[in-house]
Amino acid sequence: STQKGDDDYEDYTSNKTWVLTPKVHESDVTLILNGLLEGYDNKLRPDIGVKPTVIHTDMYVNSIGPVNAINMEYTIDIFFAQTWYDRRLKFNSTIKVLRLNSNMVGKIWIPDTFFRNSKKADAHWITTPNRMLRIWNDGRVLYTLRLTIDAECQLQLHNFPMDAHSCPLEFSSYGYPREEIIYQWKRSSVEVGDTRSWRLYQFSFTGLRNTTEVVKTTSGDYVVMSVYFNLSRRMGYFTIQTYIPCTLIVVLSWVSFWINKDAVPARTSLG
């Protein structure tokens with residue numbers, strides 16, 4: 001084994017106990033990455049021909065809104081995370097996890113996840129691509145990215161303005177059926193940020209629920225993950241802007257019946 005000097009360690013204080021941990025050198029990380037990528041085929045999923053690849057997913061919702069009743073869609077801004085195991089990326093080192101940026105994403109296999117009910121989706125690229133990749137020494141991979149999605153939501157307006165809606169966000173694999181990729185929710189599957197900054201305007205956020213189902217298509221059976229965001233319309237806006245003015249106008253029109261029938265100009269002006 002190689003002997004390390006005092007300069008090869010960093011001091012950390014934990015509960016007033018001095019702990020020596022090896023320093024992470026750039027050359028060590030480079031050697032690990034070169035070794036992992038040597039002979040690695042990013043066109044093949046992990047455990048191909050052996051067992052399905054399990055993708056654990058979770059998301060953090062930055063904001064929802066606005067909701068467009070004309071186009072039957074809503075806008076959502078999320079951090080979307082996927083975790084899976086790739087035995088080809090195991091490594092032996094004192095380094096437990098490699099924290100990498102987006103430059104590494106195209107060099108390893110990434111799930112072909114897509115959002116089934118999205119009309120438009122944008123990844124964030126300023127100031128750099130908002131993507132993160134982490135690889136643990138046991139082969140666990142974490143991949144996160146930030147997305148803004150315009151998703152379809154069929155609003156049922158029969159009870160307007162006392163209507164409530166459940167707007168879905170659905171995702172699955174584009175090309176791998178459930179025999180090859182299985183999606184599962186993490187325990188803390190969906191978290192939401194501060195709802196006070198959401199641009200819902202006429203709506204209030206009342207909660208969410210997530211589901212897992214299998215959808216049968218001509219190309220196979222796919223695991224589909226869905227999150228339903230529950231929204232209810234705010235009555236206060238329509239009460240002030242619509243109901244109160246209409247009620248006052250109707251009541252005012254009744255005043256003419258209490259005016260003497262011979263006072264034609266007064267009755268005409270009120271009518």
# chains A, B, ... in the order shown; residues from 1 in each chain; ligands from 1
$ select_by_dssp --residues "stretch 126-240 of chain A" --states "strand (DSSP E or B)" --output "PyMOL selection string"
chain A and resi 131-136+140-152+164-173+181-192+203-217+220-233
$ select_by_dssp --residues "stretch 31-84 of chain A" --states "alpha helix (DSSP H)" --output "PyMOL selection string"
chain A and resi 31-37
$ atom_distance --atom1 "atom CA of A:Arg99" --atom2 "atom CA of A:Glu38"
19.1 Å
$ residues_around --residues "A:Trp125" --least-positions-apart "5" --cutoff "12 Å" --atoms "only C-alpha atoms" --output "ChimeraX atom specification"
/A:102,130-131,145-148
$ atom_distance --atom1 "atom CA of A:Ile108" --atom2 "atom CA of A:Thr128"
19.5 Å
$ residues_around --residues "A:Asp58" --least-positions-apart "3" --cutoff "6 Å" --atoms "only C-alpha atoms" --output "PyMOL selection string"
chain A and resi 81+186+189-190
$ closest_residue --among "A:Thr75, A:Asn137, A:Gln202, A:Gln82" --to "A:Tyr183" --atoms "only C-alpha atoms"
A:Gln82
$ residues_around --residues "A:Pro177" --least-positions-apart "3" --cutoff "6 Å" --atoms "only C-alpha atoms" --output "list in words"
Glu180, Gly220, Asp221 and Tyr222 of chain A
$ write_last_selection --atoms "N, CA and C atoms" --output "short mmCIF file (atom, residue, chain, number, x, y, z; two decimals), in the first residue's frame"
data_model
loop_
_atom_site.label_atom_id
_atom_site.label_comp_id
_atom_site.auth_asym_id
_atom_site.auth_seq_id
_atom_site.Cartn_x
_atom_site.Cartn_y
_atom_site.Cartn_z
N GLU A 180 -38.35 -3.95 -19.03
CA GLU A 180 -36.98 -3.44 -19.03
C GLU A 180 -36.76 -2.30 -18.04
N GLY A 220 -46.12 -2.08 -26.30
CA GLY A 220 -45.80 -2.74 -25.04
C GLY A 220 -46.56 -2.12 -23.88
N ASP A 221 -46.31 -2.66 -22.70
CA ASP A 221 -46.92 -2.16 -21.47
C ASP A 221 -45.90 -1.29 -20.73
N TYR A 222 -46.29 -0.05 -20.43
CA TYR A 222 -45.37 0.92 -19.84
C TYR A 222 -45.83 1.33 -18.45
#
$ residues_around --residues "A:Leu169" --least-positions-apart "6" --cutoff "10 Å" --atoms "only C-alpha atoms" --output "PyMOL selection string"
chain A and resi 74+76+115-118+149-153+210+225-229
$ closest_residue --among "A:Tyr85, A:Phe91, A:Met59, A:Val54" --to "A:Gly35" --atoms "only C-alpha atoms"
A:Phe91
$ atom_distance --atom1 "atom CA of A:Trp84" --atom2 "atom CA of A:Asp138"
11.0 Å
$ closest_residue --among "A:Ile55, A:Ile110, A:Val141, A:Leu133" --to "A:Leu89" --atoms "only C-alpha atoms"
A:Val141
$ closest_residue --among "A:Thr247, A:Lys107, A:Leu100, A:Gln156" --to "A:Leu37" --atoms "only C-alpha atoms"
A:Lys107
$ residues_around --residues "A:Phe205" --least-positions-apart "3" --cutoff "8 Å" --atoms "only C-alpha atoms" --output "CSV table (one decimal) with C-alpha atoms, in the first residue's frame"
chain,number,residue,atom,x,y,z
A,195,THR,CA,-47.1,28.3,-2.4
A,229,PHE,CA,-52.4,18.7,-8.3
A,230,ASN,CA,-55.7,19.7,-6.7
A,231,LEU,CA,-56.9,23.2,-7.4
A,232,SER,CA,-60.1,25.0,-6.4
$ closest_residue --among "A:Met72, A:Ile126, A:Ala121, A:Met162" --to "A:Thr239" --atoms "only C-alpha atoms"
A:Met162
$ closest_residue --among "A:Lys43, A:Arg199, A:Arg87, A:Lys96" --to "A:Asp112" --atoms "only C-alpha atoms"
A:Lys43
